[in-house]
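As stored in my_file05.txt (compact mmCIF, C-alpha atoms and all ligand atoms):
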# COMPACT_ATOMS: atom_id res chain seq x y z
CA MET A 21 3.66 -21.79 30.34
CA THR A 22 4.42 -23.86 27.25
CA THR A 23 7.32 -22.75 25.04
CA PRO A 24 6.08 -21.54 21.65
CA LEU A 25 7.08 -23.68 18.68
CA ASP A 26 9.86 -22.31 16.45
CA ASN A 27 8.50 -20.99 13.15
CA LEU A 28 10.56 -22.58 10.37
CA LEU A 29 9.43 -19.82 7.99
CA ASP A 30 11.78 -17.52 9.92
CA LEU A 31 14.81 -19.49 8.69
CA ASP A 32 16.58 -19.16 5.37
CA GLN A 33 18.49 -22.23 4.20
CA SER A 34 21.67 -21.48 6.12
CA ALA A 35 19.73 -20.74 9.32
CA LEU A 36 17.75 -23.95 8.82
CA LYS A 37 21.03 -25.87 8.52
CA ALA A 38 22.19 -24.43 11.83
CA TYR A 39 18.81 -25.27 13.32
CA CYS A 40 18.99 -28.91 12.17
CA GLU A 41 22.44 -29.25 13.71
CA ARG A 42 21.14 -27.80 16.96
CA VAL A 43 18.42 -30.44 17.18
CA GLY A 44 20.99 -33.15 16.42
CA GLU A 45 20.30 -33.71 12.71
CA LYS A 46 22.68 -33.68 9.76
CA SER A 47 22.67 -30.31 8.05
CA PHE A 48 21.82 -31.77 4.60
CA ARG A 49 18.38 -32.59 5.99
CA ALA A 50 17.80 -28.85 6.01
CA THR A 51 17.78 -28.73 2.20
CA GLN A 52 15.16 -31.48 2.07
CA LEU A 53 13.09 -29.73 4.70
CA PHE A 54 13.48 -26.34 3.01
CA ARG A 55 12.35 -27.82 -0.31
CA TRP A 56 9.29 -29.40 1.24
CA ILE A 57 8.29 -26.13 2.81
CA HIS A 58 9.07 -23.59 0.12
CA HIS A 59 9.27 -25.50 -3.14
CA ARG A 60 6.36 -27.86 -2.46
CA GLY A 61 4.32 -25.69 -0.12
CA VAL A 62 3.97 -28.38 2.54
CA GLY A 63 3.65 -27.21 6.13
CA ASN A 64 2.73 -30.47 7.81
CA PHE A 65 5.74 -32.61 8.80
CA ASP A 66 3.72 -35.84 8.39
CA GLU A 67 3.48 -35.23 4.66
CA MET A 68 7.28 -34.94 4.25
CA THR A 69 7.53 -38.59 3.33
CA ASP A 70 11.25 -38.87 2.59
CA LEU A 71 12.20 -37.63 6.05
CA ALA A 72 12.63 -40.33 8.70
CA ARG A 73 9.61 -40.79 10.91
CA SER A 74 11.77 -40.06 13.96
CA LEU A 75 12.86 -36.70 12.53
CA ARG A 76 9.30 -35.77 11.67
CA ALA A 77 8.22 -36.57 15.23
CA LYS A 78 11.13 -34.60 16.67
CA LEU A 79 10.32 -31.55 14.53
CA ALA A 80 6.64 -31.69 15.38
CA GLY A 81 7.59 -31.37 19.05
CA VAL A 82 9.65 -28.20 18.66
CA ALA A 83 8.74 -26.46 15.40
CA GLU A 84 5.96 -25.53 13.03
CA VAL A 85 5.41 -23.83 9.69
CA ARG A 86 3.19 -20.98 10.84
CA PRO A 87 0.78 -19.62 8.24
CA LEU A 88 -0.92 -16.23 8.40
CA ALA A 89 -4.66 -16.18 8.93
CA ALA A 90 -6.52 -14.37 6.15
CA ILE A 91 -9.16 -11.97 7.43
CA THR A 92 -10.37 -11.24 3.91
CA ASP A 93 -9.49 -12.58 0.46
CA LYS A 94 -10.92 -10.63 -2.48
CA THR A 95 -10.47 -10.97 -6.22
CA SER A 96 -10.97 -7.97 -8.50
CA ALA A 97 -12.67 -7.98 -11.89
CA ASP A 98 -9.19 -7.65 -13.48
CA GLY A 99 -7.87 -10.76 -11.66
CA THR A 100 -5.95 -8.86 -8.98
CA ARG A 101 -6.31 -10.67 -5.66
CA LYS A 102 -5.84 -9.09 -2.26
CA TRP A 103 -5.43 -10.82 1.07
CA LEU A 104 -5.73 -9.04 4.40
CA PHE A 105 -3.68 -11.06 6.88
CA ASP A 106 -4.02 -10.94 10.66
CA VAL A 107 -0.66 -10.36 12.34
CA GLY A 108 -2.05 -10.21 15.86
CA GLN A 109 -2.86 -7.55 18.46
CA GLY A 110 -5.28 -5.76 16.19
CA ASN A 111 -2.80 -5.43 13.31
CA ALA A 112 -3.33 -6.60 9.75
CA VAL A 113 -1.25 -6.33 6.58
CA GLU A 114 -2.11 -6.66 2.92
CA THR A 115 -0.65 -8.73 0.10
CA VAL A 116 -1.63 -8.23 -3.53
CA TYR A 117 -1.31 -10.66 -6.46
CA ILE A 118 -1.25 -8.92 -9.85
CA PRO A 119 -1.49 -11.15 -12.94
CA GLU A 120 -0.38 -9.79 -16.33
CA ASP A 121 0.05 -11.41 -19.75
CA ASP A 122 3.69 -12.34 -19.34
CA ARG A 123 4.16 -12.35 -15.57
CA ALA A 124 2.47 -12.37 -12.19
CA THR A 125 3.71 -10.04 -9.47
CA LEU A 126 3.20 -10.31 -5.73
CA CYS A 127 3.27 -7.08 -3.74
CA ILE A 128 4.39 -7.86 -0.18
CA SER A 129 4.19 -5.89 3.09
CA SER A 130 7.18 -5.51 5.40
CA GLN A 131 5.69 -3.74 8.44
CA ALA A 132 2.36 -3.25 10.20
CA GLY A 133 1.98 0.45 9.41
CA CYS A 134 4.92 2.67 8.56
CA ALA A 135 6.92 5.24 10.52
CA VAL A 136 7.99 7.35 7.52
CA GLY A 137 4.61 9.06 7.28
CA CYS A 138 4.41 10.15 3.64
CA ARG A 139 1.59 12.59 3.04
CA PHE A 140 0.06 10.76 0.09
CA CYS A 141 0.17 7.25 1.57
CA SER A 142 -2.65 5.62 3.44
CA THR A 143 -0.26 3.36 5.37
CA GLY A 144 1.79 6.41 6.36
CA HIS A 145 -1.31 8.08 7.76
CA GLN A 146 -1.94 5.12 10.01
CA GLY A 147 1.33 5.30 11.87
CA PHE A 148 3.63 2.48 12.83
CA SER A 149 2.90 -0.54 14.91
CA ARG A 150 5.67 -3.09 14.42
CA ASN A 151 8.09 -4.80 12.10
CA LEU A 152 7.00 -8.07 10.52
CA SER A 153 9.21 -11.08 11.22
CA THR A 154 11.03 -12.87 8.39
CA GLY A 155 8.44 -15.63 8.74
CA GLU A 156 5.56 -13.16 8.35
CA ILE A 157 7.17 -11.61 5.27
CA ILE A 158 7.87 -14.91 3.52
CA ALA A 159 4.52 -16.41 4.61
CA GLN A 160 2.84 -13.91 2.27
CA LEU A 161 4.73 -15.40 -0.69
CA TRP A 162 4.42 -18.98 0.59
CA GLN A 163 0.66 -18.71 0.88
CA ALA A 164 0.03 -16.75 -2.30
CA GLU A 165 2.35 -18.94 -4.42
CA HIS A 166 0.88 -22.24 -3.32
CA THR A 167 -2.72 -21.00 -3.31
CA MET A 168 -2.36 -19.67 -6.85
CA ARG A 169 -0.46 -22.75 -8.03
CA ALA A 170 -3.36 -24.95 -6.89
CA LYS A 171 -5.94 -22.57 -8.35
CA LEU A 172 -4.21 -22.43 -11.74
CA GLY A 173 -3.60 -26.19 -11.76
CA LEU A 174 0.19 -25.79 -11.99
CA GLY A 175 2.60 -28.65 -11.24
CA PRO A 176 5.24 -28.64 -8.46
CA ASN A 177 7.93 -27.33 -10.83
CA GLU A 178 5.83 -24.53 -12.26
CA ARG A 179 5.57 -21.11 -10.65
CA ALA A 180 2.50 -18.97 -10.19
CA ILE A 181 4.45 -15.87 -9.12
CA SER A 182 7.29 -14.64 -11.32
CA ASN A 183 8.07 -11.30 -9.63
CA VAL A 184 8.04 -9.92 -6.12
CA VAL A 185 7.90 -6.23 -5.21
CA MET A 186 8.35 -5.02 -1.63
CA MET A 187 5.76 -2.30 -2.23
CA GLY A 188 3.03 -3.23 0.21
CA MET A 189 2.66 -1.70 3.65
CA GLY A 190 5.80 -0.49 5.39
CA GLU A 191 9.32 0.69 4.64
CA PRO A 192 11.34 -2.48 3.96
CA LEU A 193 14.69 -0.83 4.69
CA GLN A 194 13.49 0.11 8.18
CA ASN A 195 13.02 -3.61 8.84
CA TYR A 196 16.34 -4.67 7.39
CA SER A 197 17.31 -7.60 9.61
CA GLN A 198 14.02 -9.39 8.97
CA LEU A 199 13.90 -8.44 5.29
CA VAL A 200 17.22 -9.87 4.13
CA PRO A 201 16.64 -13.55 5.07
CA ALA A 202 13.22 -13.32 3.39
CA LEU A 203 14.87 -11.97 0.21
CA ARG A 204 17.38 -14.84 0.33
CA MET A 205 14.54 -17.36 0.46
CA MET A 206 12.92 -15.72 -2.57
CA LEU A 207 16.19 -16.08 -4.51
CA ASP A 208 17.07 -19.59 -3.27
CA ASP A 209 16.81 -22.25 -6.00
CA HIS A 210 15.41 -24.63 -3.41
CA GLY A 211 12.88 -21.97 -2.41
CA TYR A 212 11.22 -19.73 -5.00
CA GLY A 213 14.13 -19.52 -7.45
CA LEU A 214 13.45 -15.90 -8.43
CA SER A 215 16.27 -14.04 -10.14
CA ARG A 216 17.59 -10.88 -8.49
CA ARG A 217 16.12 -8.84 -11.33
CA ARG A 218 12.65 -10.08 -10.48
CA VAL A 219 12.73 -9.13 -6.82
CA THR A 220 12.40 -5.39 -6.19
CA VAL A 221 12.88 -3.52 -2.94
CA SER A 222 11.13 -0.17 -2.96
CA THR A 223 12.36 2.44 -0.51
CA SER A 224 11.54 5.98 0.50
CA GLY A 225 15.31 6.50 0.75
CA VAL A 226 16.94 5.03 3.85
CA VAL A 227 20.43 5.84 2.57
CA PRO A 228 22.64 3.74 4.92
CA MET A 229 20.46 0.70 4.34
CA ILE A 230 20.69 1.08 0.55
CA ASP A 231 24.45 0.66 1.05
CA ARG A 232 23.94 -2.38 3.28
CA LEU A 233 21.60 -4.00 0.76
CA ARG A 234 24.21 -3.52 -1.95
CA GLU A 235 26.65 -5.54 0.18
CA ASP A 236 24.29 -8.16 1.56
CA CYS A 237 21.68 -8.96 -1.07
CA PRO A 238 21.56 -6.72 -4.15
CA VAL A 239 18.17 -7.06 -5.81
CA ALA A 240 16.42 -4.59 -8.10
CA LEU A 241 15.94 -1.20 -6.44
CA ALA A 242 13.08 1.26 -6.73
CA VAL A 243 13.22 4.63 -5.03
CA SER A 244 10.16 6.68 -4.13
CA LEU A 245 11.28 10.10 -5.31
CA HIS A 246 8.01 12.06 -5.71
CA ALA A 247 9.58 15.53 -5.80
CA PRO A 248 12.32 17.32 -7.78
CA ASP A 249 13.70 19.39 -4.89
CA ASP A 250 14.35 19.03 -1.18
CA ALA A 251 11.84 21.68 -0.10
CA LEU A 252 8.92 19.75 -1.57
CA ARG A 253 10.30 16.29 -0.82
CA ASP A 254 10.83 17.25 2.83
CA GLN A 255 7.08 17.70 3.04
CA LEU A 256 5.91 14.74 0.98
CA VAL A 257 8.45 12.15 2.15
CA PRO A 258 9.61 13.30 5.60
CA ILE A 259 12.67 11.00 5.68
CA ASN A 260 14.14 13.43 3.13
CA ARG A 261 14.93 15.79 6.01
CA LYS A 262 17.41 13.19 7.22
CA TYR A 263 18.65 11.90 3.84
CA PRO A 264 18.20 14.64 1.21
CA ILE A 265 17.98 14.05 -2.52
CA ASP A 266 21.67 14.50 -3.31
CA GLU A 267 22.69 11.87 -0.73
CA LEU A 268 19.96 9.57 -1.98
CA LEU A 269 21.14 9.83 -5.58
CA SER A 270 24.73 9.17 -4.50
CA ALA A 271 23.59 6.01 -2.70
CA CYS A 272 21.80 4.96 -5.90
CA GLU A 273 25.00 5.54 -7.90
CA ARG A 274 26.91 3.29 -5.50
CA TYR A 275 24.13 0.69 -5.62
CA LEU A 276 24.49 0.34 -9.38
CA ASP A 277 27.92 -1.28 -8.92
CA ALA A 278 26.23 -4.37 -7.52
CA ALA A 279 22.66 -4.08 -8.84
CA PRO A 280 21.23 -6.82 -11.09
CA ARG A 281 19.90 -4.14 -13.43
CA ASP A 282 21.76 -1.22 -14.96
CA PHE A 283 19.25 1.39 -13.81
CA ILE A 284 17.32 2.42 -10.73
CA THR A 285 13.55 2.75 -10.91
CA MET A 286 12.28 6.12 -9.72
CA GLU A 287 8.69 6.06 -8.51
CA TYR A 288 6.84 9.35 -8.76
CA CYS A 289 3.30 9.66 -7.45
CA MET A 290 1.44 12.30 -9.47
CA LEU A 291 -0.32 14.80 -7.19
CA ASP A 292 -2.48 17.43 -8.80
CA GLY A 293 -0.99 20.91 -8.49
CA VAL A 294 1.74 19.72 -6.13
CA ASN A 295 4.48 17.94 -8.07
CA ASP A 296 3.12 17.57 -11.60
CA THR A 297 4.09 20.67 -13.64
CA PRO A 298 6.25 20.55 -16.79
CA ALA A 299 8.73 22.83 -14.97
CA GLN A 300 9.07 20.23 -12.22
CA ALA A 301 9.58 17.54 -14.87
CA ARG A 302 12.44 19.61 -16.30
CA GLN A 303 13.89 19.97 -12.80
CA LEU A 304 13.82 16.18 -12.47
CA VAL A 305 15.66 15.82 -15.76
CA GLY A 306 18.32 18.19 -14.43
CA LEU A 307 18.69 16.07 -11.29
CA VAL A 308 19.36 12.72 -12.87
CA LYS A 309 20.49 13.28 -16.45
CA ASP A 310 24.20 12.58 -16.92
CA ARG A 311 24.35 11.41 -13.32
CA LEU A 312 22.27 8.29 -12.79
CA PRO A 313 20.64 5.84 -15.23
CA VAL A 314 17.00 5.70 -14.16
CA LYS A 315 13.59 4.62 -15.35
CA PHE A 316 10.71 6.76 -14.20
CA ASN A 317 7.50 5.12 -13.16
CA LEU A 318 4.73 7.70 -12.87
CA ILE A 319 2.04 6.50 -10.47
CA PRO A 320 -1.36 8.20 -10.67
CA PHE A 321 -2.18 9.09 -7.05
CA ASN A 322 -4.80 6.84 -5.51
CA PRO A 323 -6.81 9.16 -3.32
CA PHE A 324 -8.07 8.37 0.15
CA PRO A 325 -10.21 10.71 2.21
CA GLU A 326 -7.72 11.89 4.86
CA SER A 327 -4.99 12.90 2.39
CA GLY A 328 -6.46 16.21 1.22
CA LEU A 329 -4.68 15.59 -2.11
CA LYS A 330 -5.95 14.97 -5.64
CA ARG A 331 -4.87 12.79 -8.54
CA SER A 332 -3.31 14.60 -11.51
CA SER A 333 -5.41 14.46 -14.65
CA ASN A 334 -4.36 12.00 -17.36
CA ALA A 335 -3.41 14.90 -19.62
CA ARG A 336 -1.12 16.30 -16.96
CA VAL A 337 0.53 12.93 -16.32
CA GLN A 338 1.05 12.52 -20.08
CA ALA A 339 2.56 16.00 -20.45
CA PHE A 340 4.88 15.37 -17.52
CA GLY A 341 5.95 12.02 -18.97
CA GLU A 342 6.64 13.61 -22.34
CA VAL A 343 9.12 16.07 -20.87
CA LEU A 344 11.03 13.14 -19.33
CA LEU A 345 10.85 11.09 -22.51
CA GLU A 346 12.03 13.95 -24.70
CA ALA A 347 15.05 14.28 -22.46
CA GLY A 348 15.83 10.63 -23.18
CA LEU A 349 14.63 9.21 -19.84
CA VAL A 350 12.68 5.95 -20.05
CA THR A 351 9.29 6.64 -18.50
CA THR A 352 6.24 4.49 -17.93
CA ILE A 353 2.88 5.32 -16.43
CA ARG A 354 1.71 2.70 -13.98
CA LYS A 355 -1.63 1.13 -14.71
CA THR A 356 -3.88 1.13 -11.70
CA ARG A 357 -4.98 -2.37 -10.82
CA GLY A 358 -7.52 -3.77 -8.41
CA ASP A 359 -9.27 -0.43 -7.82
CA ASP A 360 -12.55 -2.15 -7.06
CA ILE A 361 -11.05 -4.00 -4.10
CA ASP A 362 -8.87 -1.10 -2.82
CA ALA A 363 -5.71 -2.96 -3.82
CA ALA A 364 -4.07 -0.09 -5.69
CA CYS A 365 -0.76 1.47 -4.57
CA GLY A 366 -1.05 3.47 -1.42
CA GLN A 367 -4.56 2.26 -0.70
CA LEU A 368 -3.30 -0.57 1.45
CA ALA A 369 -4.58 0.36 4.82
CA GLY A 370 -4.71 -2.92 6.69
CA GLU A 371 -5.59 -2.22 10.27
CA VAL A 372 -2.91 -0.85 12.48
CA GLN A 373 -2.70 -0.04 16.15
CA ASP A 374 -0.73 3.18 15.84
CA ARG A 375 2.02 3.33 18.43
CA THR A 376 3.57 6.51 17.11
CA ASP A 377 0.81 9.09 17.24
CA ALA A 378 1.04 9.60 13.49
CA GLN A 379 -2.55 10.73 13.09
CA ARG A 380 -2.01 13.72 15.34
CA ARG A 381 1.34 14.63 13.77
CA MET A 382 -0.14 14.46 10.27
CA THR A 383 -2.89 16.90 11.08
CA ARG A 384 -0.32 19.37 12.38
CA ALA A 385 1.87 18.96 9.29
CA ILE A 386 2.86 22.11 7.42
CA PRO A 387 0.61 22.55 4.38
CA ILE A 388 2.24 21.78 1.06
CA VAL A 389 2.72 24.83 -1.12
CA ALA A 390 1.01 24.17 -4.42
CA ALA A 391 3.28 24.18 -7.47
CA ALA A 392 0.78 25.53 -9.95
CA PRO A 393 -2.93 25.28 -10.45
CA SER A 394 -4.10 22.42 -12.58
CA ALA A 395 -5.52 23.56 -15.95
CA ALA A 396 -7.44 26.81 -15.59
CA SER A 397 -9.04 25.97 -12.29
CA LYS A 398 -8.49 27.96 -9.14
CA PRO A 399 -5.28 27.40 -7.22
CA THR A 400 -5.25 24.53 -4.79
CA VAL A 401 -3.27 24.55 -1.62
CA PRO A 402 -3.81 21.15 -0.09
CA GLN A 403 -4.33 21.41 3.62
CA PRO A 404 -4.34 18.62 6.12
CA PRO A 405 -7.95 17.70 6.79
CA LYS A 406 -9.62 19.25 9.81
CA GLN A 407 -10.54 16.72 12.45
N1 LIG A 501 7.81 2.18 1.73
C1 LIG A 501 8.24 1.86 0.43
C2 LIG A 501 7.42 0.78 -0.24
C3 LIG A 501 5.93 0.80 -0.06
S1 LIG A 501 5.05 2.07 -0.87
C4 LIG A 501 8.29 3.10 -0.43
O1 LIG A 501 7.78 4.13 -0.03
O2 LIG A 501 8.88 3.02 -1.50
C5 LIG A 501 5.09 1.55 -2.57
C6 LIG A 501 4.87 2.68 -3.57
O3 LIG A 501 3.52 3.15 -3.54
C7 LIG A 501 5.76 3.86 -3.27
O4 LIG A 501 6.36 4.36 -4.43
C8 LIG A 501 4.77 4.83 -2.73
O5 LIG A 501 5.23 6.12 -2.84
C9 LIG A 501 3.54 4.56 -3.56
N2 LIG A 501 2.30 5.12 -2.97
C10 LIG A 501 2.04 5.31 -1.67
N3 LIG A 501 0.83 5.87 -1.52
C11 LIG A 501 0.31 6.03 -2.76
C12 LIG A 501 -0.93 6.53 -3.24
N4 LIG A 501 -1.90 6.95 -2.42
N5 LIG A 501 -1.13 6.53 -4.58
C13 LIG A 501 -0.17 6.06 -5.41
N6 LIG A 501 1.01 5.57 -5.01
C14 LIG A 501 1.25 5.55 -3.69
FE1 LIG A 502 5.85 4.30 4.33
FE2 LIG A 502 6.30 3.94 1.71
FE3 LIG A 502 3.89 4.77 2.61
FE4 LIG A 502 6.00 6.42 2.71
S1 LIG A 502 5.02 5.59 0.84
S2 LIG A 502 4.51 6.07 4.37
S3 LIG A 502 7.63 4.99 3.16
S4 LIG A 502 4.84 2.82 3.01

Starting from the coordinates I provided, produce the structure as structure tokens.
Ligand code: SAH
Ligand code: SF4
Amino acid sequence: MTTPLDNLLDLDQSALKAYCERVGEKSFRATQLFRWIHHRGVGNFDEMTDLARSLRAKLAGVAEVRPLAAITDKTSADGTRKWLFDVGQGNAVETVYIPEDDRATLCISSQAGCAVGCRFCSTGHQGFSRNLSTGEIIAQLWQAEHTMRAKLGLGPNERAISNVVMMGMGEPLQNYSQLVPALRMMLDDHGYGLSRRRVTVSTSGVVPMIDRLREDCPVALAVSLHAPDDALRDQLVPINRKYPIDELLSACERYLDAAPRDFITMEYCMLDGVNDTPAQARQLVGLVKDRLPVKFNLIPFNPFPESGLKRSSNARVQAFGEVLLEAGLVTTIRKTRGDDIDAACGQLAGEVQDRTDAQRRMTRAIPIVAAAPSAASKPTVPQPPKQ
């Protein structure tokens, strides 16, 4: 059997230095190599013209820059572009490029599937298959950045992507060891040169790993809150049973000591009749006010058939937001982008070989007790769909 080539996308600059030394090269070569790969987007050693021919030949024998194969590549009417990448053994993950007037954000996946199993999330319904490697995480940025740079006609010192959010498929803090080197490459001036404020890790609340991230690589933090009390959050975001809201907020308080921003973003997916009443908004105010500086980001739920849940009406989202705003909490309502290509939050389904039996567990899940009926309609008690 032939030994597989080492994937240089797995290595941040310090690991690449160690790698160069191991193959008998001076460590400063690593910076040159790293720049060719990440700054210039070159994956073929032959094109790295200022490296000695002998080094290029040596590298070609042991290493490669392994791209991801795109299964589909779709662009929405609003310019949002979504790639579905093959990660082998029947698994695929999605990456979404979101252009705006003053920035362009890339939404990156960290796992094939997700083990947390949130009720309102399409990825969660699919179950978990495996963690992505550092190389598979950074390849999403490598490919999107250099593809978009070429498409937009940008020069080698211009950037197509200004922000990264770890909000694709998977729970990034349950793939910590592979995540952190990828974050370091995003921040590296010889790589993508993104500031810590422009790289956001979004988590469902893996408390011990929030503390580790604060120590190892503090970037902007977003927390998927979605409920104002433990009883409801236990059902919507099952990891809450292990790390309840109070512990989560304490971890956020500690995180602020090292965070590049002076607030934590709280994501809140608006589910009709479940978590969207003015009373629940007031409960949220009570949770965070005078405790933790936060910005709320209200996300209109993007429905998918198996969820059995509905999106809150615009009026209800507005009313909820107003309660937060009146209490002095900065609140935004997320625009839904890329609807026509299923690229919106929580619609990322990829294709996952479930190794955790999530489908069966979901259908046995305890029904969520509705908070209050929406408008004057009859009460809704969302039930897991019957199979
Ligand atoms: N696992 C991480 C990051 C990926 S999910 C986390 O949960 O934070 C990114 C965001 O999309 C989270 O806030 C998540 O709650 C939200 N989301 C998931 N499913 C959604 C859906 N169907 N509609 C709207 N937002 C959704
Ligand atoms: Fe996983 Fe995040 Fe989806 Fe929850 S919302 S299932 S943590 S990807």

What does the distance between CA of Arg73 (chain A) and CA of Gln52 (chain A) come to in Å, to one decimal place? 14.0 Å

Produce the centre coordinates and the three edge lengths, each in Å to one decimal, of the box along x, y and z that contains all listed atoms of ligand LIG 501 (chain A) with 8 Å added on each side, as AutoDock Vina command-line options.
--center_x 3.5 --center_y 3.9 --center_z -1.8 --size_x 26.8 --size_y 22.2 --size_z 23.1

Could you tell me, as a ChimeraX atom specification, which residues have any atom at most 10 Å from (9.5, 6.9, -16.6), counting only C-alpha atoms? /A:285-288,314-319,340-342,344-345,348-354

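Straight-line separation from atom O5 of ligand LIG 501 (chain A) to CA of Ser244 (chain A): 5.1 Å.
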
Which residues, written as a list in words, have at least one atom at most 8 Å from Met187 (chain A), with all atoms listed in the file counted and residues fewer than 3 positions away on the same chain left out?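 That gives Cys127, Ile128, Ser129, Gly190, Val221, Ser222 and Cys365 of chain A.
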
Just C-alpha atoms for this one: save the residues we selected as a CSV table (one decimal), in the frame of the given file.
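File produced: result_12.csv:
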chain,number,residue,atom,x,y,z
A,127,CYS,CA,3.3,-7.1,-3.7
A,128,ILE,CA,4.4,-7.9,-0.2
A,129,SER,CA,4.2,-5.9,3.1
A,190,GLY,CA,5.8,-0.5,5.4
A,221,VAL,CA,12.9,-3.5,-2.9
A,222,SER,CA,11.1,-0.2,-3.0
A,365,CYS,CA,-0.8,1.5,-4.6

Under the rule that all atoms listed in the file are counted, which of A:Pro119, A:Pro280, A:Gly155, A:Gly147 is the nearest residue to Ser182 (chain A)?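 The closest residue to Ser182 (chain A) is A:Pro119.
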
Atom O4 of ligand LIG 501 (chain A) to CA of Asp231 (chain A): how many Å, to one decimal? 19.3 Å

Kindly compile the residues surrounding ligand LIG 501 (chain A) within 7 Å, counting only C-alpha atoms and all ligand atoms, and format them as a tab-separated table (two decimals) with C-alpha atoms, in the coordinates of the input.
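In the end it all went to result-v5.tsv:
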chain	number	residue	atom	x	y	z
A	140	PHE	CA	0.06	10.76	0.09
A	141	CYS	CA	0.17	7.25	1.57
A	142	SER	CA	-2.65	5.62	3.44
A	186	MET	CA	8.35	-5.02	-1.63
A	187	MET	CA	5.76	-2.30	-2.23
A	188	GLY	CA	3.03	-3.23	0.21
A	189	MET	CA	2.66	-1.70	3.65
A	190	GLY	CA	5.80	-0.49	5.39
A	191	GLU	CA	9.32	0.69	4.64
A	192	PRO	CA	11.34	-2.48	3.96
A	222	SER	CA	11.13	-0.17	-2.96
A	223	THR	CA	12.36	2.44	-0.51
A	224	SER	CA	11.54	5.98	0.50
A	242	ALA	CA	13.08	1.26	-6.73
A	243	VAL	CA	13.22	4.63	-5.03
A	244	SER	CA	10.16	6.68	-4.13
A	287	GLU	CA	8.69	6.06	-8.51
A	288	TYR	CA	6.84	9.35	-8.76
A	289	CYS	CA	3.30	9.66	-7.45
A	319	ILE	CA	2.04	6.50	-10.47
A	320	PRO	CA	-1.36	8.20	-10.67
A	321	PHE	CA	-2.18	9.09	-7.05
A	322	ASN	CA	-4.80	6.84	-5.51
A	323	PRO	CA	-6.81	9.16	-3.32
A	324	PHE	CA	-8.07	8.37	0.15
A	365	CYS	CA	-0.76	1.47	-4.57
A	366	GLY	CA	-1.05	3.47	-1.42
A	367	GLN	CA	-4.56	2.26	-0.70

Which polymer residues have any atom within 12 Å of an atom of Ala72 (chain A), counting all atoms listed in the file, with same-chain residues fewer than 5 positions away left out, as a ChimeraX atom specification? /A:45,49,52-53,65-67,77-79

Write out as an MDAnalysis selection string each polymer residue whose atoms come within 9 Å of Val226 (chain A), counting all atoms listed in the file; drop sequence neighbours fewer than 5 positions from it. chainID A and resid 191 193:194 259:260 262:263 268

How would the residues just chosen look if you wrote them out with C-alpha atoms as a PDB file, in the frame of the given file?
ATOM      1  CA  GLU A 191       9.320   0.690   4.640  1.00  0.00           C
ATOM      2  CA  LEU A 193      14.690  -0.830   4.690  1.00  0.00           C
ATOM      3  CA  GLN A 194      13.490   0.110   8.180  1.00  0.00           C
ATOM      4  CA  ILE A 259      12.670  11.000   5.680  1.00  0.00           C
ATOM      5  CA  ASN A 260      14.140  13.430   3.130  1.00  0.00           C
ATOM      6  CA  LYS A 262      17.410  13.190   7.220  1.00  0.00           C
ATOM      7  CA  TYR A 263      18.650  11.900   3.840  1.00  0.00           C
ATOM      8  CA  LEU A 268      19.960   9.570  -1.980  1.00  0.00           C
TER       9      LEU A 268
END

Given only C-alpha atoms and all ligand atoms as the basis, pick out the residue of A:Gly173, A:Pro313, A:Gly144, A:Gly225 nearest to ligand LIG 502 (chain A).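 Nearest candidate to ligand LIG 502 (chain A) out of A:Gly173, A:Pro313, A:Gly144, A:Gly225: A:Gly144.
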
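When all atoms listed in the file are used to compute distances to ligand LIG 502 (chain A), the closest of the residues A:Gln131, A:Gln303, A:Ser332, A:Ser153 turns out to be A:Gln131.
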
Minimum-distance residue to ligand LIG 502 (chain A), chosen among A:Val294, A:Met68, A:Cys134, A:Leu88 (using all atoms listed in the file):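 So, comparing all the options, the nearest one is A:Cys134.
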
Find the residues around Gln163 (chain A) up to 10 Å (all atoms listed in the file counted), leave out those fewer than 5 positions away in its own chain, and share them as a ChimeraX atom specification. /A:58,61,87-90,103,158,168-169

May I have the residues within 8 Å of region 208-216 of chain A as a list in words, using only C-alpha atoms and disregarding those fewer than 6 positions away in the same chain? Thr51, Phe54, Arg55, His58, His59, Ser182, Asn183, Pro238, Val239, Ala240 and Pro280 of chain A

Restricting the calculation to all atoms listed in the file: of A:His145, A:Arg42, A:Arg179, A:His246, which residue gets closest to Leu304 (chain A)? A:His246

Minimum-distance residue to Ile181 (chain A), chosen among A:Leu207, A:Leu199, A:Leu276, A:Leu126 (using all atoms listed in the file):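 For Ile181 (chain A), the nearest of the given residues is A:Leu126.
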
Please write as a PyMOL selection string the list of polymer residues whose atoms come within 12 Å of (9.0, 20.2, -16.2), counting all atoms listed in the file and keeping to the coordinates of the file. chain A and resi 247-248+295-307+336-347+391-392
